[in-house]
Amino acid sequence: MIGRDMNINQLMAEIDRDILFYDQSGGGVTFTGGEPMQQRKFLEEALLACKERHIHTTVDTCGYSSWENFSSILPLVDLFLYDVKLMNADKHIKYTAVSNQRILDNLYKLSSARAHIIVRIPLIPGINDDDENIEMCGSFLAEIPYLDGVELMPYHEIGHAKYQALGMNYRLENTISPIDEQIGKVEDLLSGYHLPVIKHLSGRTV
Amino acid sequence: MSMTARVKKLRQQSLEAVETLSSERAELITEFSSQDIGLVSSTVHRAMAFKYLMEHKAICINDGELIVGEKGPAPKNAPTFPELCCHSLEDLDVLNNREKTSFKVSPETRRIYKERIIPFWQGKSMRELIFNEMTEEWKAAYQAGIFTEFMEQRSPGHTVLDDKIYKKGMLDFQAEIQASLSKLDYLRDPLAYEKQEELRAMHIAAGAIVRYAERHAEKALELASKEQDEQRKNELTKIADVCQHVPAHAPRNFWEALQYYWFVHLGVTIELNTWDAFSPGRLDQHLLPFYQQGLSKGSLDRMGAEELLQCLWIKFNNQPAPPKVGVTAEESGTYTDFAQINLGGVRPDGSDGVNEVTYLLLDVIEEMRLLQPSTSIQVSKKNPDRFIKRATKIIRTGFGQPSVFNADLIGQELMRMGKTVVDARCGGSSGCVEVGAFGKENYNLTGYFNLPKVLEITLHDGIDPRTGGQIGIATGDPRAFQSVEELYNAFEKQVNYFVDVKVRGNNVIERLYAGYMPCPLLSLLVDDCIRKGKDYHDGGARYNTTYIQGVGLGTMTDALTSLSYHVFDHQTLSMGDFIANLDANFEGNEQLRQQLLNRTPKYGNDDDHADKVMQRIFEIYYSAVDGRQNTKGGEYHINLLPTTVHIYFGSVTGATPDGRMAGTPLSEGVSPVQGADHKGPTAVIRSVAKMDHVRTGGTLLNQKFTPQVLNSEDGLDKLVQLIRTYFRLDGHHIQFNVVDAATLRLAQQHPEQYRSLIVRVAGYSDYFCDLSATLQNEIIARTEHEAF
């Protein structure tokens with residue numbers, strides 16, 4: 001449940017097993033977390049090993065890391081999945097304990113360096129789903145030189161059991177997952193900024 | 001497109017009809033056999049019996065139907081075959097009362113059986129003859145559940161047709177028979193007279209089925225003359241016209257092609273209760289010329305073709321498998337008679353076989369959603385992805401159809417077994433997963449072989465611990481074995497011994513059918529019986545294969561892996577302690593059982609510890625069976641599939657070293673043990689693909705998903721790629737079980753049995769058993785919401 005230690009050879013042995021499936025489907029490896037940039041050195045090694053094997057690589061990141069870290073892995077990454085949570089700096093500090101300045105700067109720089117990026121906005125009712133935040137996101141993202149896509153990640157309760165199992169306090173106890181109607185509304189709002197919105201429906205209608 | 005009112009009504013009637021045992025055929029065959037017809041050869045006698053059936057059985061034309069003919073006097077009225085298996089009154093009661101796959105037996109039927117059928121056939125049926133001719137060794141192994149015997153209640157006849165009936169009428173076949181007769185060389189060929197008799201029998205059978213069709217035409221005209229509704233009157237007149245033309249002549253159009261096949265299907269399955277899977281084969285390729293011709297002439301449109309096909313589907317569904325009792329009922333506990341419609345694959349020239357009728361048939365499968373006929377797609381690398389994707393859209397609706405086969409591998413399998421390239425391309429899968437050259441091969445499944453039971457016997461030096469009887473050979477006390485090699489050697493000796501016993505029995509049974517139960521109608525449909533003047537049962541077919549189906553490969557692999565790992569590699573347990581715990585069914589030592597279940601390498605996880613054991617077991621079984629000579633000039637080969645026998649075999653097999661409790665089911669097909677695979681579908685596929693499928697005649701892999709995994713286009717695309725990858729690795733067959741909410745509830749109650757159940761959670765998939773109770777409940781709710 002909380003992972004295990006692996007060295008690069010063990011990891012690549014695991015990845016090698018499925019090479020045929022990547023070849024067949026056009027898929028590859030996604031580094032996610034947690035936050036993969038927290039283990040930047042290992043990540044770089046793993047990305048390099050994938051590139052040696054011509055495996056497509058994706059890094060799923062919250063963007064909170066130094067630009068040096070990003071620029072060092074940049075040539076090895078085929079696609080970034082990049083979180084943008086809140087545009088208001090104070091609110092960002094309130095909910096994540098850090099400022100969003102570095103995150104937004106890195107996004108701009110990555111795009112300027114011609115990285116492929118899909119921006120992902122977690123949609124959490126009562127926290128960042130207000131029109132103001134969405135509109136600020138829209139106008140900020142519209143200024144980014146190039147994006148492959150923008151998609152919403154509607155809140156779900158799956159983490160609840162994990163928090164319990166780890167003895168951690170789950171602070172979104174009363175938050176309810178957004179329904180399709182709400183998701184569609186936000187997607188429409190973002191589309192108004194001429195962004196390449198990738199639409200999803202959760203299948204949840206009530 | 002949906003169903004027309006006619007089809008809706010017929011489909012509903014088919015679903016509601018109750019499976020009933022009909023004494024009609026038994027009465028007719030008894031009447032015929034009671035007549036004194038003097039001395040005739042057994043093959044001509046069988047042809048005359050068939051003719052009598054065709055001339056006297058009731059003609060059934062149901063209101064509204066376009067394709068006509070029933071095996072019994074009404075839908076789901078199953079005929080019986082007392083010359084093969086004469087049901088006792090007790091059998092009839094069991095059939096009537098059992099909970100699953102029952103057949104209603106009316107008091108009248110019971111009386112007829114008591115007064116006429118049983119007194120006549122008792123002591124004269126093939127079933128009794130077969131059991132009388134088997135050795136004590138055979139009987140001991142059969143009773144212990146080492147193997148089953150397919151022919152004890154049903155005749156051989158597992159075969160599939162090619163395209164010949166769409167090009168030739170029965171009159172053409174009769175002309176070929178005459179030509180073959182005229183070529184007989186009585187001076188030089190000592191078998192000329194026997195050939196003459198067989199050919200005469202075929203001639204009679206061809207005429208009999210034409211007469212059967214004519215009787216339908218007469219009945220249709222009679223109904224038309226009384227019919228008030230103008231449209232139905234016209235339809236009945238059209239039916240009469242169709243039945244006058246086919247099967248006497250080659251079909252002129254789409255409707256006649258379907259009706260022709262249906263008469264042949266009825267004829268073959270009334271002549272004998274062919275076990276099983278008599279099928280039309282590549283219906284999409286066979287029907288394409290008729291479809292295109294109809295469209296271009298304007299005499300047919302897509303809707304009309306669809307309705308006719310739907311009517312044919314209902315006819316299949318109206319025919320439950322012949323009533324089975326005893327071990328045969330256990331090994332094949334289903335109403336389905338395994339007719340399998342094959343779609344896709346390649347054409348005789350090797351090019352992509354998918355055409356517009358393929359997609360039409362896929363629509364029909366999805367709309368009809370019936371148990372029968374069973375359907376499969378034959379996937380070649382030459383077929384487009386959209387063909388597979390269209391099929392996955394049906395798969396996700398959760399009725400297990402169509403199943404998915406690797407057409408390119410099947411071609412290799414068939415060629416390895418001696419078929420020409422073109423015959424291999426025209427072949428495919430039938431029944432469950434078994435391969436054959438369509439229209440040219442007699443390939444018979446003869447019985448399931450219980451591999452874990454043989455291990456149990458090996459661990460007891462030839463004794464069956466259930467009964468204490470010595471049923472195997474003495475291969476030494478395993479407690480004295482110094483290495484795992486000694487264990488493998490002992491196991492291999494036992495496998496070879498039991499295969500010898502089974503093959504000896506088979507070789508007798510094959511001759512009994514050749515001698516006493518020739519099948520002239522089926523023979524004239526299968527190349528090269530007419531040319532050779534030989535019966536289907538007697539080596540008349542171009543290719544003749546006898547299969548023995550290995551069962552419990554996953555259980556067997558995990559069991560031997562466990563013994564090897566704990567007793568020899570790590571010495572955590574002595575062989576003596578191990579066997580003592582198995583004999584005690586792990587009583588008082590649940591801790592050990594959990595260790596075996598959870599701390600031992602398992603097949604299905606891409607773990608070479610276990611997968612290499614699987615390869616070795618495969619080699620042992622393959623070497624024991626493959627290449628032996630049968631009595632028809634062909635060879636033995638293996639396949640690995642269970643139908644429902646893994647339940648029965650499990651019930652007679654004690655606790656196994658993988659931690660499986662006594663009496664519980666074995667693993668099925670080549671799938672890992674239920675719940676033992678926990679590294680996901682790609683690991684399962686990699687493990688299973690380590691087997692050399694090319695050297696089999698079919699393997700079966702089952703995978704389970706919930707509907708959510710497949711409810712997006714993306715999910716379907718991934719499934720298509722999963723199939724493609726398995727087939728790139730030369731996997732033979734894969735089927736997907738899309739589970740419903742009821743199953744998920746069971747998984748909640750018994751997580752240990754559902755370890756490998758994958759569910760779609762939210763943008764990703766996970767093992768159901770690993771989710772919190774709340775989330776499980778949410779998924780159950782979602783599944784119910786999406787249930788069909």
# chains A, B, ... in the order shown; residues from 1 in each chain; ligands from 1
call {"tool": "closest_atom_pairs", "arguments": {"of": "chain A", "to": "chain B", "cutoff": "12 Å", "atoms": "only C-alpha atoms", "output": "CSV"}}
result
residue,atom,partner,partner_atom,distance
A:Met1,CA,B:Asp770,CA,9.7
A:Ala13,CA,B:Asp606,CA,11.8
A:Glu14,CA,B:Asp606,CA,10.3
A:Ile15,CA,B:Thr682,CA,11.6
A:Asp16,CA,B:Ala683,CA,11.9
A:Arg17,CA,B:Ala683,CA,8.2
A:Asp18,CA,B:Thr682,CA,7.1
A:Ile19,CA,B:Thr725,CA,10.3
A:Leu20,CA,B:Thr725,CA,6.9
A:Phe21,CA,B:Thr725,CA,6.1
A:Tyr22,CA,B:Gln721,CA,9.3
A:Asp23,CA,B:Thr725,CA,8.9
A:Gln24,CA,B:Gln721,CA,6.2
A:Ser25,CA,B:Gln721,CA,5.4
A:Gly26,CA,B:Gln721,CA,9.2
A:Gly27,CA,B:Lys718,CA,9.7
A:Leu152,CA,B:Gly763,CA,11.8
A:Met153,CA,B:Gly763,CA,9.3
A:Pro154,CA,B:Ala762,CA,9.7
A:Tyr155,CA,B:Ala762,CA,9.9
A:His156,CA,B:Ala762,CA,7.7
A:Glu157,CA,B:Leu775,CA,8.2
A:Ile158,CA,B:Leu775,CA,7.1
A:Gly159,CA,B:Ser772,CA,10.0
A:His160,CA,B:Ser772,CA,8.9
A:Ala161,CA,B:Ser772,CA,6.0
A:Lys162,CA,B:Ser772,CA,8.6
A:Tyr163,CA,B:Ser772,CA,11.3
A:Gln164,CA,B:Ser772,CA,10.1
A:Ala165,CA,B:Ser772,CA,9.8
A:Ser177,CA,B:Ala762,CA,11.4
A:His200,CA,B:Ser712,CA,10.1
A:Leu201,CA,B:Ser712,CA,10.1
A:Ser202,CA,B:Ala762,CA,8.0
A:Gly203,CA,B:Arg782,CA,9.1
A:Arg204,CA,B:Arg782,CA,9.0
A:Thr205,CA,B:Arg782,CA,11.2
A:Val206,CA,B:Arg782,CA,11.8
call {"tool": "residues_around", "arguments": {"residues": "range 151-164 of chain B", "least_positions_apart": "3", "cutoff": "8 Å", "atoms": "only C-alpha atoms", "output": "ChimeraX atom specification"}}
result
/B:84-85,126-127,130-131,167-168,272-282,286,324,328,426,430-431,436-446,509,513,522,525-526,537
call {"tool": "write_last_selection", "arguments": {"atoms": "N, CA and C atoms", "output": "short mmCIF file (atom, residue, chain, number, x, y, z; two decimals), in the first residue's frame"}}
result
data_model
loop_
_atom_site.label_atom_id
_atom_site.label_comp_id
_atom_site.auth_asym_id
_atom_site.auth_seq_id
_atom_site.Cartn_x
_atom_site.Cartn_y
_atom_site.Cartn_z
N LEU B 84 -28.01 -45.18 -28.72
CA LEU B 84 -26.72 -44.80 -28.13
C LEU B 84 -26.77 -44.90 -26.61
N CYS B 85 -27.78 -44.26 -26.04
CA CYS B 85 -27.92 -44.25 -24.58
C CYS B 85 -29.40 -44.37 -24.27
N MET B 126 -25.32 -48.53 -27.41
CA MET B 126 -23.87 -48.33 -27.51
C MET B 126 -23.26 -48.12 -26.13
N ARG B 127 -23.97 -47.41 -25.28
CA ARG B 127 -23.44 -47.11 -23.95
C ARG B 127 -23.09 -48.40 -23.20
N ILE B 130 -20.18 -50.19 -24.93
CA ILE B 130 -18.89 -49.54 -24.63
C ILE B 130 -18.40 -49.94 -23.25
N PHE B 131 -19.26 -49.79 -22.25
CA PHE B 131 -18.81 -50.13 -20.89
C PHE B 131 -18.43 -51.62 -20.78
N LYS B 167 -22.85 -24.52 -52.77
CA LYS B 167 -22.55 -24.68 -54.20
C LYS B 167 -23.20 -25.91 -54.82
N LYS B 168 -23.57 -26.86 -53.95
CA LYS B 168 -24.12 -28.12 -54.47
C LYS B 168 -25.39 -28.50 -53.72
N LEU B 272 -27.60 -38.64 -35.65
CA LEU B 272 -26.95 -39.04 -34.40
C LEU B 272 -26.86 -37.79 -33.51
N ASN B 273 -26.63 -38.01 -32.22
CA ASN B 273 -26.53 -36.84 -31.32
C ASN B 273 -25.10 -36.35 -31.26
N THR B 274 -24.57 -35.98 -32.41
CA THR B 274 -23.15 -35.66 -32.54
C THR B 274 -22.61 -34.82 -31.40
N TRP B 275 -21.57 -35.32 -30.83
CA TRP B 275 -20.91 -34.66 -29.70
C TRP B 275 -19.69 -33.96 -30.23
N ASP B 276 -19.79 -32.74 -30.22
CA ASP B 276 -20.94 -31.86 -30.32
C ASP B 276 -20.56 -30.80 -31.29
N ALA B 277 -21.14 -29.66 -31.23
CA ALA B 277 -20.60 -28.56 -32.01
C ALA B 277 -20.69 -28.76 -33.51
N PHE B 278 -21.79 -29.22 -34.00
CA PHE B 278 -21.96 -29.20 -35.45
C PHE B 278 -22.30 -27.77 -35.85
N SER B 279 -21.52 -27.20 -36.75
CA SER B 279 -21.60 -25.76 -37.00
C SER B 279 -21.44 -25.41 -38.48
N PRO B 280 -21.98 -24.24 -38.85
CA PRO B 280 -21.84 -23.80 -40.25
C PRO B 280 -20.48 -23.20 -40.55
N GLY B 281 -19.69 -22.87 -39.53
CA GLY B 281 -18.36 -22.32 -39.79
C GLY B 281 -18.41 -20.85 -40.17
N ARG B 282 -17.69 -20.51 -41.25
CA ARG B 282 -17.50 -19.11 -41.65
C ARG B 282 -18.72 -18.54 -42.33
N HIS B 286 -19.37 -17.50 -46.30
CA HIS B 286 -20.29 -18.33 -47.08
C HIS B 286 -21.47 -17.52 -47.63
N LYS B 324 -28.31 -35.12 -21.11
CA LYS B 324 -27.13 -35.88 -20.66
C LYS B 324 -27.32 -36.28 -19.20
N THR B 328 -21.22 -37.48 -17.93
CA THR B 328 -21.34 -36.63 -19.11
C THR B 328 -22.08 -35.33 -18.77
N CYS B 426 -8.99 -22.28 -44.24
CA CYS B 426 -10.44 -22.44 -44.22
C CYS B 426 -10.92 -23.09 -42.91
N SER B 430 -14.00 -24.48 -33.10
CA SER B 430 -15.39 -24.90 -32.96
C SER B 430 -15.58 -25.43 -31.55
N GLY B 431 -16.83 -25.74 -31.21
CA GLY B 431 -17.11 -26.23 -29.87
C GLY B 431 -16.73 -25.16 -28.87
N GLY B 436 -10.05 -27.38 -36.23
CA GLY B 436 -10.19 -28.41 -37.24
C GLY B 436 -10.25 -27.78 -38.62
N ALA B 437 -10.09 -28.62 -39.65
CA ALA B 437 -10.20 -28.17 -41.03
C ALA B 437 -11.67 -28.31 -41.42
N PHE B 438 -12.33 -27.19 -41.59
CA PHE B 438 -13.77 -27.20 -41.80
C PHE B 438 -14.15 -27.95 -43.08
N GLY B 439 -15.13 -28.83 -42.93
CA GLY B 439 -15.66 -29.57 -44.07
C GLY B 439 -14.78 -30.73 -44.51
N LYS B 440 -13.65 -30.93 -43.80
CA LYS B 440 -12.70 -31.94 -44.26
C LYS B 440 -12.12 -32.77 -43.14
N GLU B 441 -12.62 -32.58 -41.94
CA GLU B 441 -11.97 -33.27 -40.84
C GLU B 441 -12.97 -33.88 -39.85
N ASN B 442 -12.62 -35.06 -39.40
CA ASN B 442 -13.28 -35.68 -38.26
C ASN B 442 -12.36 -35.44 -37.08
N TYR B 443 -12.72 -34.48 -36.23
CA TYR B 443 -11.86 -34.26 -35.05
C TYR B 443 -12.73 -34.41 -33.82
N ASN B 444 -12.34 -35.41 -33.05
CA ASN B 444 -13.18 -35.75 -31.92
C ASN B 444 -12.50 -35.50 -30.60
N LEU B 445 -13.23 -34.83 -29.74
CA LEU B 445 -12.81 -34.75 -28.36
C LEU B 445 -13.27 -36.04 -27.71
N THR B 446 -12.38 -36.73 -27.02
CA THR B 446 -12.78 -38.04 -26.51
C THR B 446 -12.88 -38.08 -25.00
N ILE B 509 -13.52 -47.95 -28.86
CA ILE B 509 -14.77 -47.20 -29.06
C ILE B 509 -14.87 -46.67 -30.49
N TYR B 513 -18.06 -47.47 -33.08
CA TYR B 513 -18.86 -46.52 -33.85
C TYR B 513 -18.75 -46.79 -35.34
N LEU B 522 -23.86 -37.33 -42.43
CA LEU B 522 -22.69 -36.53 -42.07
C LEU B 522 -21.52 -36.86 -43.01
N LEU B 525 -21.25 -35.06 -46.31
CA LEU B 525 -20.97 -33.63 -46.19
C LEU B 525 -19.50 -33.33 -45.93
N VAL B 526 -18.74 -34.37 -45.57
CA VAL B 526 -17.35 -34.15 -45.19
C VAL B 526 -16.43 -34.79 -46.23
N HIS B 537 -17.03 -42.07 -39.51
CA HIS B 537 -16.48 -42.74 -38.31
C HIS B 537 -15.35 -43.71 -38.65
#
call {"tool": "closest_residue", "arguments": {"among": "B:Leu553, B:Ile239, B:Ile638, B:Ala559", "to": "Val670 in chain B", "atoms": "only C-alpha atoms"}}
result
B:Leu553
call {"tool": "residues_around", "arguments": {"residues": "range 84-97 of chain A", "least_positions_apart": "5", "cutoff": "8 Å", "atoms": "only C-alpha atoms", "output": "list in words"}}
result
Cys62, Ile103, Leu104, Val119, Arg120, Ile121, Pro122, Asn128, Asn133, Met136 and Cys137 of chain A
call {"tool": "write_last_selection", "arguments": {"atoms": "N, CA and C atoms", "output": "short mmCIF file (atom, residue, chain, number, x, y, z; two decimals), in the first residue's frame"}}
result
data_model
loop_
_atom_site.label_atom_id
_atom_site.label_comp_id
_atom_site.auth_asym_id
_atom_site.auth_seq_id
_atom_site.Cartn_x
_atom_site.Cartn_y
_atom_site.Cartn_z
N CYS A 62 3.20 18.06 -9.90
CA CYS A 62 2.47 19.21 -9.37
C CYS A 62 3.18 20.51 -9.74
N ILE A 103 5.19 27.29 -9.59
CA ILE A 103 4.47 26.32 -10.41
C ILE A 103 4.07 26.94 -11.75
N LEU A 104 3.53 28.15 -11.66
CA LEU A 104 3.05 28.81 -12.87
C LEU A 104 4.24 29.23 -13.76
N VAL A 119 -2.32 20.09 -19.17
CA VAL A 119 -2.59 20.69 -17.85
C VAL A 119 -3.80 20.00 -17.25
N ARG A 120 -3.68 19.67 -15.97
CA ARG A 120 -4.81 19.00 -15.31
C ARG A 120 -5.25 19.83 -14.11
N ILE A 121 -6.52 20.12 -14.06
CA ILE A 121 -7.07 20.91 -12.96
C ILE A 121 -7.94 20.00 -12.10
N PRO A 122 -7.50 19.69 -10.88
CA PRO A 122 -8.38 18.91 -10.01
C PRO A 122 -9.58 19.78 -9.66
N ASN A 128 -11.95 24.92 -5.34
CA ASN A 128 -11.43 25.60 -6.54
C ASN A 128 -12.40 25.56 -7.72
N ASN A 133 -11.99 31.29 -9.95
CA ASN A 133 -10.76 30.49 -10.14
C ASN A 133 -10.68 29.91 -11.54
N MET A 136 -9.77 32.65 -13.94
CA MET A 136 -8.35 33.01 -13.82
C MET A 136 -7.46 31.94 -14.46
N CYS A 137 -7.81 30.70 -14.24
CA CYS A 137 -7.08 29.60 -14.89
C CYS A 137 -7.12 29.78 -16.40
#
call {"tool": "residues_around", "arguments": {"residues": "Asn383 in chain B", "least_positions_apart": "5", "cutoff": "10 Å", "atoms": "only C-alpha atoms", "output": "compact mmCIF listing (two decimals) with N, CA and C atoms, in the first residue's frame"}}
result
# COMPACT_ATOMS: atom_id res chain seq x y z
N GLY B 344 -14.79 -13.53 -39.50
CA GLY B 344 -13.48 -12.92 -39.75
C GLY B 344 -12.47 -13.92 -40.27
N GLY B 345 -11.28 -13.90 -39.69
CA GLY B 345 -10.21 -14.77 -40.17
C GLY B 345 -9.73 -14.38 -41.55
N VAL B 346 -9.24 -15.37 -42.27
CA VAL B 346 -8.75 -15.08 -43.62
C VAL B 346 -9.52 -15.91 -44.65
N SER B 351 -6.13 -13.73 -47.72
CA SER B 351 -6.41 -12.31 -47.52
C SER B 351 -7.44 -12.10 -46.43
N ASP B 352 -7.58 -10.85 -46.00
CA ASP B 352 -8.50 -10.46 -44.92
C ASP B 352 -9.92 -11.00 -45.18
N GLY B 353 -10.46 -11.75 -44.24
CA GLY B 353 -11.77 -12.37 -44.44
C GLY B 353 -12.94 -11.54 -43.95
N VAL B 354 -12.68 -10.38 -43.35
CA VAL B 354 -13.79 -9.56 -42.82
C VAL B 354 -14.51 -8.90 -43.98
N ASN B 355 -15.83 -8.99 -43.98
CA ASN B 355 -16.61 -8.35 -45.04
C ASN B 355 -17.88 -7.74 -44.45
N GLN B 378 -12.50 -14.68 -35.33
CA GLN B 378 -11.19 -15.26 -35.64
C GLN B 378 -10.33 -14.08 -36.07
N ILE B 388 -12.31 -5.96 -34.49
CA ILE B 388 -12.18 -6.41 -33.10
C ILE B 388 -12.95 -5.47 -32.18
N ALA B 407 -6.57 -16.33 -35.44
CA ALA B 407 -6.70 -17.06 -36.71
C ALA B 407 -5.34 -17.45 -37.28
call {"tool": "atom_distance", "arguments": {"atom1": "CA of Thr32 in chain A", "atom2": "CA of Asn169 in chain A"}}
result
23.1 Å
call {"tool": "residues_around", "arguments": {"residues": "Leu76 in chain A", "least_positions_apart": "3", "cutoff": "10 Å", "atoms": "only C-alpha atoms", "output": "PyMOL selection string"}}
result
chain A and resi 44-52+56-59+71-73+79
call {"tool": "select_by_dssp", "arguments": {"residues": "chain A", "states": "strand (DSSP E)", "output": "short mmCIF file (atom, residue, chain, number, x, y, z; two decimals) with N, CA and C atoms, in the first residue's frame"}}
result
data_model
loop_
_atom_site.label_atom_id
_atom_site.label_comp_id
_atom_site.auth_asym_id
_atom_site.auth_seq_id
_atom_site.Cartn_x
_atom_site.Cartn_y
_atom_site.Cartn_z
N GLY A 28 3.31 3.59 -23.00
CA GLY A 28 4.64 3.76 -22.43
C GLY A 28 4.56 3.83 -20.93
N VAL A 29 5.55 4.52 -20.33
CA VAL A 29 5.63 4.55 -18.86
C VAL A 29 5.23 5.93 -18.36
N THR A 30 4.42 5.96 -17.31
CA THR A 30 4.07 7.21 -16.65
C THR A 30 4.69 7.23 -15.26
N PHE A 31 5.47 8.28 -14.98
CA PHE A 31 6.03 8.46 -13.64
C PHE A 31 5.12 9.38 -12.87
N HIS A 56 8.11 5.49 -24.65
CA HIS A 56 7.48 6.78 -24.43
C HIS A 56 7.40 7.07 -22.94
N THR A 57 7.74 8.33 -22.54
CA THR A 57 7.75 8.66 -21.11
C THR A 57 6.80 9.81 -20.81
N THR A 58 6.12 9.70 -19.68
CA THR A 58 5.23 10.75 -19.21
C THR A 58 5.58 11.03 -17.75
N VAL A 59 5.63 12.32 -17.38
CA VAL A 59 5.86 12.68 -15.98
C VAL A 59 4.64 13.44 -15.48
N ASP A 60 4.07 12.94 -14.42
CA ASP A 60 2.89 13.54 -13.81
C ASP A 60 3.37 14.35 -12.60
N THR A 61 3.24 15.67 -12.67
CA THR A 61 3.87 16.50 -11.62
C THR A 61 2.96 17.63 -11.14
N LEU A 79 6.01 13.72 -22.47
CA LEU A 79 4.77 14.41 -22.10
C LEU A 79 4.76 14.70 -20.61
N PHE A 80 4.36 15.94 -20.28
CA PHE A 80 4.12 16.27 -18.87
C PHE A 80 2.61 16.31 -18.61
N LEU A 81 2.21 15.70 -17.50
CA LEU A 81 0.86 15.92 -16.98
C LEU A 81 1.06 16.89 -15.83
N TYR A 82 0.52 18.10 -15.96
CA TYR A 82 0.94 19.20 -15.09
C TYR A 82 -0.25 19.77 -14.34
N ASP A 83 -0.20 19.70 -13.03
CA ASP A 83 -1.32 20.17 -12.21
C ASP A 83 -1.36 21.68 -12.07
N ILE A 117 2.68 19.22 -23.08
CA ILE A 117 2.07 19.35 -21.75
C ILE A 117 0.54 19.19 -21.83
N ILE A 118 0.04 18.39 -20.91
CA ILE A 118 -1.41 18.41 -20.67
C ILE A 118 -1.61 18.96 -19.26
N VAL A 119 -2.32 20.09 -19.17
CA VAL A 119 -2.59 20.69 -17.85
C VAL A 119 -3.80 20.00 -17.25
N ARG A 120 -3.68 19.67 -15.97
CA ARG A 120 -4.81 19.00 -15.31
C ARG A 120 -5.25 19.83 -14.11
N ILE A 121 -6.52 20.12 -14.06
CA ILE A 121 -7.07 20.91 -12.96
C ILE A 121 -7.94 20.00 -12.10
N PRO A 122 -7.50 19.69 -10.88
CA PRO A 122 -8.38 18.91 -10.01
C PRO A 122 -9.58 19.78 -9.66
N LEU A 123 -10.77 19.22 -9.80
CA LEU A 123 -11.98 20.02 -9.55
C LEU A 123 -12.56 19.60 -8.20
N GLY A 149 -3.19 19.88 -24.15
CA GLY A 149 -4.54 19.67 -23.67
C GLY A 149 -4.74 20.26 -22.29
N VAL A 150 -6.01 20.46 -21.96
CA VAL A 150 -6.37 20.90 -20.61
C VAL A 150 -7.52 20.00 -20.19
N GLU A 151 -7.37 19.35 -19.03
CA GLU A 151 -8.48 18.49 -18.61
C GLU A 151 -8.75 18.61 -17.12
N LEU A 152 -10.00 18.35 -16.77
CA LEU A 152 -10.41 18.41 -15.36
C LEU A 152 -10.24 17.05 -14.72
N MET A 153 -9.88 17.04 -13.45
CA MET A 153 -9.81 15.80 -12.68
C MET A 153 -10.83 15.93 -11.56
N PRO A 154 -12.06 15.51 -11.80
CA PRO A 154 -13.09 15.71 -10.77
C PRO A 154 -12.73 14.96 -9.48
N VAL A 197 -9.53 21.84 -24.60
CA VAL A 197 -10.11 21.12 -23.46
C VAL A 197 -10.42 19.67 -23.84
N ILE A 198 -9.95 18.75 -23.03
CA ILE A 198 -10.26 17.32 -23.21
C ILE A 198 -11.45 17.03 -22.31
#
call {"tool": "residues_around", "arguments": {"residues": "Gly698 in chain B", "least_positions_apart": "2", "cutoff": "9 Å", "atoms": "only C-alpha atoms", "output": "number ranges by chain"}}
result
B: 410, 413, 429, 432-435, 638-641, 693-696, 700, 732-733
call {"tool": "select_by_dssp", "arguments": {"residues": "range 2-192 of chain A", "states": "helix (DSSP H, G or I)", "output": "PyMOL selection string"}}
result
chain A and resi 8-17+19-25+36-52+67-76+89-96+101-112+131-142+159-165+180-191
call {"tool": "closest_residue", "arguments": {"among": "B:Phe147, B:Tyr497, B:Tyr516, B:Tyr603", "to": "Glu83 in chain B", "atoms": "only C-alpha atoms"}}
result
B:Tyr516
call {"tool": "residues_around", "arguments": {"residues": "Ile473 in chain B", "least_positions_apart": "5", "cutoff": "8 Å", "atoms": "only C-alpha atoms", "output": "list in words"}}
result
Asp461, Gly462, Gln494 and Tyr497 of chain B
call {"tool": "atom_distance", "arguments": {"atom1": "CA of Leu191 in chain B", "atom2": "CA of Leu512 in chain B"}}
result
18.5 Å
